[in-house]
$ cat final.cif   # mmCIF, C-alpha atoms
data_start
#
loop_
_atom_site.label_atom_id
_atom_site.label_comp_id
_atom_site.auth_asym_id
_atom_site.auth_seq_id
_atom_site.Cartn_x
_atom_site.Cartn_y
_atom_site.Cartn_z
CA MET A 1 -4.06 -3.44 6.58
CA LEU A 2 -3.82 -7.22 6.81
CA ILE A 3 -0.46 -8.55 8.04
CA GLN A 4 0.55 -12.20 7.71
CA ILE A 5 2.86 -13.55 10.44
CA VAL A 6 4.56 -16.82 9.47
CA GLU A 7 6.30 -18.09 12.60
CA ASP A 8 6.27 -21.59 14.14
CA ASP A 9 6.91 -20.30 17.67
CA ARG A 10 3.35 -19.48 18.70
CA ALA A 11 4.38 -17.47 21.75
CA LEU A 12 6.67 -15.29 19.65
CA SER A 13 4.01 -14.91 16.98
CA ASP A 14 1.47 -13.81 19.59
CA GLY A 15 4.03 -11.40 21.06
CA VAL A 16 4.65 -9.79 17.67
CA ARG A 17 0.91 -9.45 17.05
CA LEU A 18 0.33 -7.83 20.44
CA ALA A 19 3.32 -5.51 20.02
CA LEU A 20 2.10 -4.25 16.65
CA ARG A 21 -1.58 -4.07 17.54
CA GLU A 22 -3.31 -0.97 16.20
CA PRO A 23 -6.97 -0.31 15.28
CA GLU A 24 -6.20 -0.25 11.54
CA LEU A 25 -4.19 -3.49 11.54
CA THR A 26 -5.44 -7.07 11.44
CA PHE A 27 -3.30 -10.20 11.60
CA ILE A 28 -3.23 -13.75 10.26
CA GLN A 29 -0.86 -16.16 12.03
CA ASN A 30 0.53 -19.26 10.32
CA THR A 31 3.00 -21.81 11.66
CA ASN A 32 4.11 -23.54 8.44
CA ILE A 33 4.51 -22.97 4.72
CA ARG A 34 1.59 -25.14 3.61
CA GLN A 35 -0.78 -23.17 5.83
CA ALA A 36 0.80 -19.86 4.82
CA LYS A 37 0.33 -20.49 1.08
CA GLN A 38 -3.33 -21.32 1.55
CA THR A 39 -3.85 -18.21 3.66
CA PHE A 40 -1.97 -16.03 1.18
CA GLU A 41 -4.15 -17.11 -1.74
CA GLN A 42 -7.40 -16.77 0.20
CA GLU A 43 -6.80 -13.62 2.24
CA LYS A 44 -4.26 -11.67 0.14
CA PRO A 45 -2.24 -10.04 2.96
CA GLU A 46 -0.68 -6.62 2.38
CA LEU A 47 2.48 -7.05 4.50
CA MET A 48 4.34 -10.10 5.82
CA ILE A 49 6.58 -11.00 8.77
CA LEU A 50 8.34 -14.24 7.87
CA ASP A 51 10.50 -16.64 9.87
CA VAL A 52 13.29 -18.44 8.02
CA ASN A 53 13.25 -21.78 9.83
CA LEU A 54 9.84 -23.40 9.48
CA PRO A 55 8.80 -27.01 10.19
CA ASP A 56 8.02 -27.90 6.56
CA GLY A 57 10.73 -25.94 4.76
CA SER A 58 12.67 -22.73 4.49
CA GLY A 59 11.14 -19.26 4.68
CA TYR A 60 13.37 -18.45 1.71
CA GLU A 61 11.37 -20.94 -0.38
CA TYR A 62 8.11 -19.34 0.68
CA LEU A 63 9.54 -15.88 -0.06
CA GLU A 64 10.36 -16.97 -3.63
CA TRP A 65 6.83 -18.33 -4.01
CA VAL A 66 5.34 -15.05 -2.76
CA ARG A 67 7.58 -12.91 -4.95
CA ALA A 68 6.34 -14.74 -8.04
CA ARG A 69 2.85 -13.53 -7.14
CA SER A 70 3.12 -10.26 -5.27
CA GLY A 71 5.33 -7.34 -4.37
CA ILE A 72 4.03 -6.91 -0.80
CA PRO A 73 6.59 -5.78 1.80
CA VAL A 74 8.28 -8.70 3.61
CA LEU A 75 10.30 -8.48 6.83
CA MET A 76 12.23 -11.65 7.69
CA LEU A 77 12.87 -12.85 11.25
CA THR A 78 15.53 -15.45 11.95
CA ALA A 79 17.85 -16.85 14.57
CA ASN A 80 20.52 -17.09 11.87
CA ASP A 81 22.85 -14.13 12.30
CA MET A 82 25.36 -14.94 9.55
CA GLU A 83 25.84 -12.27 6.91
CA ILE A 84 25.10 -14.78 4.14
CA ASP A 85 21.64 -15.41 5.61
CA GLU A 86 20.77 -11.73 5.44
CA VAL A 87 22.20 -11.42 1.92
CA THR A 88 20.17 -14.45 0.80
CA GLY A 89 16.93 -13.01 2.17
CA LEU A 90 17.46 -9.59 0.63
CA SER A 91 18.55 -11.04 -2.72
CA LEU A 92 15.36 -13.12 -2.88
CA GLY A 93 13.24 -10.03 -2.42
CA ALA A 94 12.88 -9.41 1.33
CA ASP A 95 12.49 -5.73 2.19
CA ASP A 96 14.04 -5.97 5.66
CA TYR A 97 15.73 -8.53 7.91
CA MET A 98 15.94 -8.88 11.70
CA THR A 99 17.76 -11.46 13.81
CA LYS A 100 16.42 -13.00 17.02
CA PRO A 101 16.34 -11.90 19.74
CA PHE A 102 15.17 -8.46 18.67
CA SER A 103 13.86 -5.28 20.20
CA ILE A 104 10.09 -4.84 20.01
CA ALA A 105 10.61 -1.08 19.63
CA VAL A 106 12.90 -1.65 16.65
CA LEU A 107 10.44 -4.11 15.13
CA ARG A 108 7.64 -1.54 15.44
CA ALA A 109 9.82 1.12 13.81
CA ARG A 110 10.76 -1.14 10.91
CA ILE A 111 7.16 -2.19 10.27
CA GLN A 112 6.13 1.48 10.31
CA ALA A 113 8.87 2.20 7.75
CA LEU A 114 7.60 -0.59 5.49
CA ARG A 115 4.05 0.73 5.79
CA ARG A 116 5.19 4.23 4.81
CA ARG A 117 7.14 2.83 1.88
CA LEU A 118 4.11 0.83 0.82
CA GLY A 119 1.99 3.97 0.84
CA GLU A 120 4.55 5.79 -1.29
CA ASN A 121 4.88 2.93 -3.76
CA ASN A 122 1.17 2.25 -4.11
CA LYS A 123 0.91 5.01 -6.66
CA ASN A 124 3.12 3.02 -9.02
CA ALA A 125 2.26 -0.55 -8.14
CA TYR A 126 -0.63 -2.98 -7.96
CA ALA A 127 -0.80 -6.41 -6.35
CA GLY A 128 -3.75 -8.74 -5.96
CA ASP A 129 -5.77 -11.58 -7.49
CA GLY A 130 -2.65 -13.26 -8.84
CA PHE A 131 -1.32 -10.06 -10.44
CA SER A 132 1.71 -7.93 -9.63
CA PHE A 133 2.29 -4.76 -11.66
CA ASP A 134 5.15 -2.28 -11.15
CA PHE A 135 4.55 0.68 -13.44
CA GLU A 136 7.78 2.37 -12.40
CA LYS A 137 10.07 -0.57 -13.17
CA LEU A 138 7.78 -1.78 -15.99
CA LYS A 139 7.58 -5.28 -14.53
CA PHE A 140 4.29 -7.12 -14.94
CA PHE A 141 3.34 -10.58 -13.64
CA ALA A 142 0.19 -12.65 -14.02
CA ASN A 143 -0.10 -15.88 -11.97
CA GLY A 144 3.64 -15.87 -11.38
CA GLN A 145 4.57 -15.47 -15.06
CA GLU A 146 6.17 -12.31 -16.40
CA ILE A 147 4.27 -10.69 -19.25
CA PHE A 148 5.42 -8.01 -21.65
CA LEU A 149 3.13 -5.14 -22.55
CA SER A 150 3.20 -2.54 -25.29
CA VAL A 151 3.11 1.12 -24.30
CA ASN A 152 -0.61 1.38 -25.06
CA GLU A 153 -1.33 -1.82 -23.14
CA GLN A 154 0.54 -0.38 -20.15
CA ARG A 155 -1.46 2.85 -20.34
CA LEU A 156 -4.74 0.95 -20.55
CA LEU A 157 -3.82 -1.33 -17.64
CA ARG A 158 -2.77 1.61 -15.47
CA LEU A 159 -6.05 3.44 -16.09
CA LEU A 160 -8.08 0.34 -15.24
CA VAL A 161 -6.27 -0.72 -12.04
CA ASP A 162 -6.23 2.88 -10.77
CA ASN A 163 -10.03 2.88 -11.00
CA PRO A 164 -11.24 -0.54 -9.75
CA GLY A 165 -14.98 -1.06 -9.95
CA ARG A 166 -15.44 2.15 -11.95
CA ILE A 167 -16.68 2.15 -15.54
CA LEU A 168 -14.30 3.98 -17.87
CA THR A 169 -16.01 4.98 -21.11
CA ARG A 170 -14.46 4.26 -24.48
CA GLU A 171 -14.15 8.01 -25.07
CA VAL A 172 -12.21 8.57 -21.86
CA LEU A 173 -9.89 5.62 -22.53
CA VAL A 174 -9.15 6.67 -26.10
CA ASP A 175 -8.44 10.23 -25.00
CA ARG A 176 -6.17 9.14 -22.11
CA ILE A 177 -4.28 6.46 -24.06
CA TRP A 178 -3.73 8.24 -27.36
CA GLY A 179 -4.72 11.89 -26.73
CA ASP A 180 -3.20 14.96 -28.40
CA GLY A 181 -5.94 15.03 -31.04
CA GLU A 182 -4.35 12.06 -32.79
CA TYR A 183 -6.67 10.20 -35.15
CA VAL A 184 -7.42 6.76 -33.78
CA ASP A 185 -9.23 4.02 -35.64
CA GLU A 186 -12.44 3.12 -33.81
CA ASN A 187 -11.26 -0.47 -33.42
CA ALA A 188 -7.90 0.46 -31.86
CA LEU A 189 -9.22 0.36 -28.30
CA SER A 190 -11.03 -2.96 -28.81
CA VAL A 191 -7.84 -4.49 -30.22
CA THR A 192 -5.77 -3.17 -27.30
CA VAL A 193 -8.26 -4.52 -24.76
CA ARG A 194 -8.31 -7.91 -26.47
CA ARG A 195 -4.51 -8.17 -26.52
CA LEU A 196 -4.20 -7.12 -22.89
CA ARG A 197 -6.83 -9.65 -21.82
CA ALA A 198 -5.01 -12.43 -23.66
CA LYS A 199 -1.82 -11.65 -21.74
CA LEU A 200 -3.46 -11.35 -18.33
CA GLU A 201 -5.87 -14.27 -18.40
CA ASP A 202 -5.24 -18.02 -18.58
CA GLU A 203 -6.82 -21.22 -17.34
CA GLU A 204 -6.09 -20.20 -13.73
CA THR A 205 -8.02 -16.95 -14.08
CA HIS A 206 -11.60 -17.19 -12.90
CA GLY A 207 -13.66 -14.76 -14.95
CA SER A 208 -12.41 -11.69 -16.74
CA CYS A 209 -10.36 -9.13 -14.81
CA ILE A 210 -11.26 -6.58 -17.51
CA GLN A 211 -15.03 -6.47 -17.69
CA THR A 212 -16.95 -5.09 -20.65
CA VAL A 213 -19.91 -2.92 -19.73
CA TYR A 214 -21.87 -2.99 -22.95
CA GLY A 215 -22.80 0.37 -24.34
CA GLN A 216 -20.53 2.15 -21.85
CA GLY A 217 -16.93 0.99 -21.66
CA TYR A 218 -14.63 -1.17 -19.54
CA MET A 219 -13.98 -1.78 -15.86
CA TRP A 220 -11.31 -3.50 -13.76
CA LYS A 221 -12.96 -6.17 -11.65
CA ASN A 222 -13.03 -4.96 -8.03
CA GLY A 223 -12.24 -7.94 -5.78
#
$ encode --input "final.cif" --output "structure tokens"
Amino acid sequence: MLIQIVEDDRALSDGVRLALREPELTFIQNTNIRQAKQTFEQEKPELMILDVNLPDGSGYEYLEWVRARSGIPVLMLTANDMEIDEVTGLSLGADDYMTKPFSIAVLRARIQALRRRLGENNKNAYAGDGFSFDFEKLKFFANGQEIFLSVNEQRLLRLLVDNPGRILTREVLVDRIWGDGEYVDENALSVTVRRLRAKLEDEETHGSCIQTVYGQGYMWKNG
């Protein structure tokens, strides 16, 4: 798991990294929002520890920017201990909030809780490459813009993102989307794929996220 630490106090950032160090975790450390945005787009972290007071702006602003693109867990760190600060962070989409100074043991426990929650939610959510899909809440975002999908488009998208890099044949997709022996026009799947692509892809999308494998079926681009 890749964790992004956005904290302008380098000593504190290093301390957090060392405290959380485990073989399965890697860390990216940023000291300002400009740097953090560039890192986020390039590296696509899976969890974030975010300071509120940063040299080039507020962590709340960065949190809003992230939430328009991803549903990754975010724990906020701040010296501000007013109730309104915590309420603001949580209302903007933070998953947890800790005030400085804090206990390293408590920080470890809260990060572990976020990791467990992430594992539980992964079955119903997808985030990456500018997309954020929540199949439980039926909220879908592409490049920060909310999109609205029909039931069949949702079913198709779920099948594809649950099987990245794997070719799903037309027969399998038709059976899983419509099923129950229902008669389906042979063009129904092609139309559904075309409509879904139109909603997911725009000028910011590089290449097709839904790839056609001619003579076989379709595949969600893996990475």
$ closest_atom_pairs --input "final.cif" --of "segment 55-87 of chain A" --to "segment 25-46 of chain A" --cutoff "10 Å" --atoms "all atoms listed in the file" --output "CSV"
residue,atom,partner,partner_atom,distance
A:Pro55,CA,A:Asn32,CA,6.1
A:Asp56,CA,A:Asn32,CA,6.2
A:Gly57,CA,A:Ile33,CA,6.9
A:Ser58,CA,A:Ile33,CA,8.2
A:Gly59,CA,A:Ile33,CA,7.6
A:Glu61,CA,A:Ile33,CA,8.8
A:Tyr62,CA,A:Ile33,CA,6.5
A:Leu63,CA,A:Ile33,CA,9.9
A:Trp65,CA,A:Lys37,CA,8.5
A:Val66,CA,A:Lys37,CA,8.3
A:Arg69,CA,A:Glu41,CA,9.5
A:Ser70,CA,A:Lys44,CA,9.3
A:Gly71,CA,A:Glu46,CA,9.1
A:Ile72,CA,A:Glu46,CA,5.7
A:Pro73,CA,A:Glu46,CA,7.3
A:Val74,CA,A:Glu46,CA,9.3
$ write_last_selection --input "final.cif" --atoms "C-alpha atoms" --output "compact mmCIF listing (two decimals), in the coordinates of the input"
# COMPACT_ATOMS: atom_id res chain seq x y z
CA PRO A 55 8.80 -27.01 10.19
CA ASP A 56 8.02 -27.90 6.56
CA GLY A 57 10.73 -25.94 4.76
CA SER A 58 12.67 -22.73 4.49
CA GLY A 59 11.14 -19.26 4.68
CA GLU A 61 11.37 -20.94 -0.38
CA TYR A 62 8.11 -19.34 0.68
CA LEU A 63 9.54 -15.88 -0.06
CA TRP A 65 6.83 -18.33 -4.01
CA VAL A 66 5.34 -15.05 -2.76
CA ARG A 69 2.85 -13.53 -7.14
CA SER A 70 3.12 -10.26 -5.27
CA GLY A 71 5.33 -7.34 -4.37
CA ILE A 72 4.03 -6.91 -0.80
CA PRO A 73 6.59 -5.78 1.80
CA VAL A 74 8.28 -8.70 3.61
$ atom_distance --input "final.cif" --atom1 "atom CA of Ile147 of chain A" --atom2 "atom CA of Pro164 of chain A"
20.8 Å
$ resolve_selection --input "final.cif" --expression "the PyMOL selection byres ((chain A and resi 108) around 12)" --output "number ranges by chain"
A: 15-22, 49, 75, 98, 102-107, 109-115
$ closest_residue --input "final.cif" --among "A:Thr78, A:Gln4, A:Asn152, A:Thr169" --to "Leu47 of chain A" --atoms "all atoms listed in the file"
A:Gln4
$ atom_distance --input "final.cif" --atom1 "atom CA of Glu171 of chain A" --atom2 "atom CA of Val151 of chain A"
18.6 Å
$ atom_distance --input "final.cif" --atom1 "atom CA of Leu77 of chain A" --atom2 "atom CA of Lys100 of chain A"
6.8 Å
$ resolve_selection --input "final.cif" --expression "the PyMOL selection byres ((chain A and resi 8) around 9)" --output "PyMOL selection string"
chain A and resi 6-7+9-13+30-32+51+53-55
$ resolve_selection --input "final.cif" --expression "the PyMOL selection byres ((chain A and resi 124-136) around 8)" --output "PyMOL selection string"
chain A and resi 44+69-72+121-123+137-144+154+158+161+223
$ residues_around --input "final.cif" --residues "Tyr214 of chain A" --least-positions-apart "6" --cutoff "12 Å" --atoms "only C-alpha atoms" --output "number ranges by chain"
A: 167-170
$ axis_aligned_box --input "final.cif" --around "segment 137-146 of chain A" --padding-each-side "5 Å" --output "JSON"
{"center_x": 5.0, "center_y": -8.2, "center_z": -13.9, "size_x": 20.2, "size_y": 25.3, "size_z": 15.0}
$ residues_around --input "final.cif" --residues "Ile210 of chain A" --least-positions-apart "4" --cutoff "9 Å" --atoms "all atoms listed in the file" --output "JSON, numbers by chain"
{"A": [160, 193, 196, 197, 218, 219, 220, 221]}
$ closest_residue --input "final.cif" --among "A:Gly217, A:Leu50, A:Thr192, A:Ser208" --to "Ser150 of chain A" --atoms "all atoms listed in the file"
A:Thr192
